[in-house]
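Asks: For reference, the structure I am asking about is given below.
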There are 2 protein chains.
Amino acid sequence: METYYDILVDELKNKNLRLSAHRLKILQYLCENLNHPTADQIYVHLQKDVPTLSKTTIYNTLHVLHEAGLVRVINIEDNETRYDIIIESHGHFKCEKCGSIFNFKVDFNVLETKDLAGFKVKDKDVYFKGVCKKCLLNIESEN
Amino acid sequence: METYYDILVDELKNKNLRLSAHRLKILQYLCENLNHPTADQIYVHLQKDVPTLSKTTIYNTLHVLHEAGLVRVINIEDNETRYDIIIESHGHFKCEKCGSIFNFKVDFNVLETKDLAGFKVKDKDVYFKGVCKKCLLNIESEN
DNA sequence: GTTCCTGCAAAAGCTTTGCAGAAGA
DNA sequence: TCTTCTGCAAAGCTTTTGCAGGAAC
């Protein structure tokens, strides 16, 4: 069975991008960790395995993967950029207590609007913020 | 007739926030320029009138206005934060050619999803990116 | 008279850039 | 062999912080 990773590697080949060891590591990390990591989180994690890995390479690779259409950029918060492999369109919810990001289904078709008639829409992002279920329960149990 | 500015000033009074000269200037600018400026754009513009104004005050004021619920924070792009007085909920479209940000109507009710059952949702943002009508026409006329 | 706001300078934090050496095709 | 990638160090940008003086109430 072909995994997300395999599919993405094929995509890289198709687009004539080099399959360097570091790129594959980063891609693998993204496929195994669908928790919308920041560049720094990827760096800290992979450095354990690959001590020579630099942040520059993380940024470079994320840019390349984004331009190739394999990675989504998430700017739900102003002071951090997060990354996500693109599986299917969904919205992102960020909990202000624990900082976790959750995916949720969004019907992007219903967002069509005549206000943007004549516009070419390439990216659609839906960002929600608030408090997640788990944190809400924790707050309740404290009172 | 009461303007947006008047309404917002009343809001500040109600929340016991000080109506300093600089705060009122920044609020006035936001009411008269509904083009989602960055902190720097506000700074550059207002400095002509108020040379002593500092960027620190711009940031401070924007934070205060945001916490008071009068200003919306827009993170459609990773390297810049934009600000918007809150009139009614709408989506934001950013043109990748000219950089302009357009508002468009969004029915936020249809975005409700059972995936977030039990979550407390406080903010909802819809960000689209692409090319605006005007830039599309310019591109066509070049060919 | 208090409290809060302002502005300067410095620091912090994330991201980008330039360039020489290394690795991929 | 040629092209592209990598990593270091430095720079760039936006935003935050600490603190003394000043303004609002």
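How things are named: the first chain in the structure tokens is A, the next is B, and so on; residues count from 1 in each chain; ligands count from 1 in the order shown.
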Please provide as a ChimeraX atom specification all residues within 10 Å of DT17 (chain D), with the sequence filter that same-chain residues fewer than 5 positions apart are discarded (counting only C-alpha atoms (C1' of nucleotides)).

Replies: /C:10-12

Asks: Neighbouring residues of DT15 (chain D) were defined as those with any atom within 9 Å, considering only C-alpha atoms (C1' of nucleotides); residues of the same chain fewer than 4 positions away were excluded. Please report them as a PyMOL selection string.

Replies: (chain A and resi 79) or (chain B and resi 59) or (chain C and resi 12-13)

Asks: Put those residues in a file: C-alpha atoms (C1' of nucleotides), as a PDB file, in the first residue's frame.

Replies:
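File produced: out_11.pdb:
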```pdb
ATOM      1  CA  ASN A  79       4.371  35.130  15.749  1.00  0.00           C
TER       2      ASN A  79
ATOM      3  CA  TYR B  59       1.836  48.539  19.049  1.00  0.00           C
TER       4      TYR B  59
ATOM      5  C1'  DA C  12      14.279  39.121  21.425  1.00  0.00           C
ATOM      6  C1'  DG C  13      12.664  36.024  18.029  1.00  0.00           C
TER       7       DG C  13
END
```

Asks: One decimal, in Å: what's the spacing between CA of Cys98 (chain B) and CA of Thr61 (chain B)?

Replies: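 The value is 27.9 Å.
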
Asks: For a quick test of understanding: name the residues of chain A lying within 8 Å of chain C when counting only C-alpha atoms (C1' of nucleotides), and present them as a list of chain:residue names.

Replies: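 Per the criterion, chain A yields A:Arg18, A:Leu19, A:Ser20, A:Asn79, A:Glu80.
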
Asks: I'd like to know which residues of chain B are strand (DSSP E) (by DSSP, run on the backbone); could you write them as JSON, numbers by chain?

Replies: {"B": [71, 72, 73, 74, 75, 76, 77, 80, 81, 82, 83, 84, 85, 91, 92, 93, 94, 95, 101, 102, 103, 104, 120, 121, 122, 123, 124, 125, 126, 127, 128, 129, 130, 131]}

Asks: Give me the residues of chain D that have any atom at most 9 Å from an atom of chain A; for each, the nearest atom pair and the distance in Å, rounded to one decimal. Use only C-alpha atoms (C1' of nucleotides), sort by chain and number, and format it as CSV.

Replies:
```
residue,atom,partner,partner_atom,distance
D:DT4,C1',A:Arg18,CA,7.9
D:DC5,C1',A:Ser20,CA,7.8
D:DT6,C1',A:Thr57,CA,6.5
D:DG7,C1',A:Ser54,CA,6.1
D:DC8,C1',A:Ser54,CA,8.9
D:DT15,C1',A:Asn79,CA,8.7
```

Asks: Which distance in Å separates CA of Lys94 (chain A) and CA of Asp115 (chain A), to one decimal?

Replies: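 Taking CA of Lys94 (chain A) and CA of Asp115 (chain A), their separation equals 27.8 Å.
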
Asks: Counting only C-alpha atoms, give me one row per residue of chain A with an atom at most 9 Å from an atom of chain B, showing the shortest contact pair and its distance in Å to one decimal, sorted by chain then residue number, as JSON lines.

Replies:
```
{"residue": "A:Val73", "atom": "CA", "partner": "B:Asp78", "partner_atom": "CA", "distance": 8.6}
{"residue": "A:Ile74", "atom": "CA", "partner": "B:Asp78", "partner_atom": "CA", "distance": 8.2}
{"residue": "A:Asn75", "atom": "CA", "partner": "B:Asp78", "partner_atom": "CA", "distance": 5.7}
{"residue": "A:Ile76", "atom": "CA", "partner": "B:Asn75", "partner_atom": "CA", "distance": 6.5}
{"residue": "A:Glu77", "atom": "CA", "partner": "B:Asn75", "partner_atom": "CA", "distance": 6.6}
{"residue": "A:Asp78", "atom": "CA", "partner": "B:Asn75", "partner_atom": "CA", "distance": 5.7}
{"residue": "A:Asn79", "atom": "CA", "partner": "B:Asp78", "partner_atom": "CA", "distance": 8.0}
{"residue": "A:Glu80", "atom": "CA", "partner": "B:Asp78", "partner_atom": "CA", "distance": 7.6}
{"residue": "A:Thr81", "atom": "CA", "partner": "B:Asp78", "partner_atom": "CA", "distance": 6.3}
{"residue": "A:Phe93", "atom": "CA", "partner": "B:Val121", "partner_atom": "CA", "distance": 8.4}
{"residue": "A:Cys95", "atom": "CA", "partner": "B:Val121", "partner_atom": "CA", "distance": 9.0}
{"residue": "A:Phe102", "atom": "CA", "partner": "B:Leu116", "partner_atom": "CA", "distance": 8.7}
{"residue": "A:Asn103", "atom": "CA", "partner": "B:Asp115", "partner_atom": "CA", "distance": 8.1}
{"residue": "A:Phe104", "atom": "CA", "partner": "B:Asp115", "partner_atom": "CA", "distance": 5.4}
{"residue": "A:Lys105", "atom": "CA", "partner": "B:Asp115", "partner_atom": "CA", "distance": 6.8}
{"residue": "A:Val106", "atom": "CA", "partner": "B:Leu111", "partner_atom": "CA", "distance": 6.3}
{"residue": "A:Asp107", "atom": "CA", "partner": "B:Leu111", "partner_atom": "CA", "distance": 7.3}
{"residue": "A:Phe108", "atom": "CA", "partner": "B:Leu111", "partner_atom": "CA", "distance": 8.8}
{"residue": "A:Val110", "atom": "CA", "partner": "B:Val110", "partner_atom": "CA", "distance": 7.3}
{"residue": "A:Leu111", "atom": "CA", "partner": "B:Val106", "partner_atom": "CA", "distance": 6.3}
{"residue": "A:Glu112", "atom": "CA", "partner": "B:Val106", "partner_atom": "CA", "distance": 8.3}
{"residue": "A:Thr113", "atom": "CA", "partner": "B:Lys105", "partner_atom": "CA", "distance": 6.8}
{"residue": "A:Lys114", "atom": "CA", "partner": "B:Phe104", "partner_atom": "CA", "distance": 8.4}
{"residue": "A:Asp115", "atom": "CA", "partner": "B:Phe104", "partner_atom": "CA", "distance": 5.4}
{"residue": "A:Leu116", "atom": "CA", "partner": "B:Phe104", "partner_atom": "CA", "distance": 6.9}
{"residue": "A:Ala117", "atom": "CA", "partner": "B:Lys133", "partner_atom": "CA", "distance": 7.9}
{"residue": "A:Gly118", "atom": "CA", "partner": "B:Lys133", "partner_atom": "CA", "distance": 5.2}
{"residue": "A:Phe119", "atom": "CA", "partner": "B:Cys132", "partner_atom": "CA", "distance": 4.7}
{"residue": "A:Lys120", "atom": "CA", "partner": "B:Val131", "partner_atom": "CA", "distance": 5.1}
{"residue": "A:Val121", "atom": "CA", "partner": "B:Gly130", "partner_atom": "CA", "distance": 4.5}
{"residue": "A:Lys122", "atom": "CA", "partner": "B:Gly130", "partner_atom": "CA", "distance": 4.8}
{"residue": "A:Asp123", "atom": "CA", "partner": "B:Lys129", "partner_atom": "CA", "distance": 4.9}
{"residue": "A:Lys124", "atom": "CA", "partner": "B:Phe128", "partner_atom": "CA", "distance": 4.5}
{"residue": "A:Asp125", "atom": "CA", "partner": "B:Tyr127", "partner_atom": "CA", "distance": 4.9}
{"residue": "A:Val126", "atom": "CA", "partner": "B:Val126", "partner_atom": "CA", "distance": 4.5}
{"residue": "A:Tyr127", "atom": "CA", "partner": "B:Asp125", "partner_atom": "CA", "distance": 4.9}
{"residue": "A:Phe128", "atom": "CA", "partner": "B:Lys124", "partner_atom": "CA", "distance": 4.5}
{"residue": "A:Lys129", "atom": "CA", "partner": "B:Asp123", "partner_atom": "CA", "distance": 5.0}
{"residue": "A:Gly130", "atom": "CA", "partner": "B:Val121", "partner_atom": "CA", "distance": 4.5}
{"residue": "A:Val131", "atom": "CA", "partner": "B:Lys120", "partner_atom": "CA", "distance": 5.1}
{"residue": "A:Cys132", "atom": "CA", "partner": "B:Phe119", "partner_atom": "CA", "distance": 4.7}
{"residue": "A:Lys133", "atom": "CA", "partner": "B:Phe119", "partner_atom": "CA", "distance": 4.7}
{"residue": "A:Lys134", "atom": "CA", "partner": "B:Phe119", "partner_atom": "CA", "distance": 8.4}
{"residue": "A:Cys135", "atom": "CA", "partner": "B:Phe119", "partner_atom": "CA", "distance": 9.0}
{"residue": "A:Leu136", "atom": "CA", "partner": "B:Phe119", "partner_atom": "CA", "distance": 7.5}
```

Asks: Could you pull the residues within 8 Å of Leu62 (chain A), counting only C-alpha atoms (C1' of nucleotides), minus those fewer than 3 positions along the same chain, as a PyMOL selection string?

Replies: chain A and resi 58-59+65-66+71+83

Asks: With N, CA and C atoms retained, export the selected residues as an mmCIF file, in the first residue's frame.

Replies:
```cif
data_model
loop_
_atom_site.group_PDB
_atom_site.id
_atom_site.type_symbol
_atom_site.label_atom_id
_atom_site.label_comp_id
_atom_site.auth_asym_id
_atom_site.auth_seq_id
_atom_site.Cartn_x
_atom_site.Cartn_y
_atom_site.Cartn_z
ATOM 1 N N ILE A 58 15.945 23.505 6.974
ATOM 2 C CA ILE A 58 14.522 23.333 7.299
ATOM 3 C C ILE A 58 13.698 24.366 6.530
ATOM 4 N N TYR A 59 14.106 25.613 6.643
ATOM 5 C CA TYR A 59 13.362 26.684 5.964
ATOM 6 C C TYR A 59 13.403 26.487 4.461
ATOM 7 N N LEU A 65 8.941 22.673 -0.623
ATOM 8 C CA LEU A 65 7.762 21.810 -0.561
ATOM 9 C C LEU A 65 6.479 22.620 -0.713
ATOM 10 N N HIS A 66 6.499 23.831 -0.181
ATOM 11 C CA HIS A 66 5.316 24.685 -0.310
ATOM 12 C C HIS A 66 5.107 25.097 -1.763
ATOM 13 N N VAL A 71 3.025 21.195 0.668
ATOM 14 C CA VAL A 71 2.920 21.624 2.064
ATOM 15 C C VAL A 71 2.092 22.897 2.166
ATOM 16 N N TYR A 83 3.388 24.335 9.586
ATOM 17 C CA TYR A 83 3.381 23.637 8.311
ATOM 18 C C TYR A 83 2.631 22.329 8.417
#
```

Asks: Run DSSP on the backbone of this structure and report the residues of chain A it assigns to alpha helix (DSSP H), as a PyMOL selection string.

Replies: chain A and resi 4-14+21-32+39-49+55-67+133-142

Asks: So, with only C-alpha atoms as the atoms that count, which of B:Glu67, B:Tyr5, B:Lys13, B:Arg72 lies closest to Gln28 (chain B)?

Replies: B:Tyr5

Asks: Could you tell me how far CA of Pro37 (chain A) lies from CA of Ala21 (chain A), in Å and to one decimal?

Replies: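 Spanning CA of Pro37 (chain A) to CA of Ala21 (chain A) is a straight-line distance of 19.9 Å.
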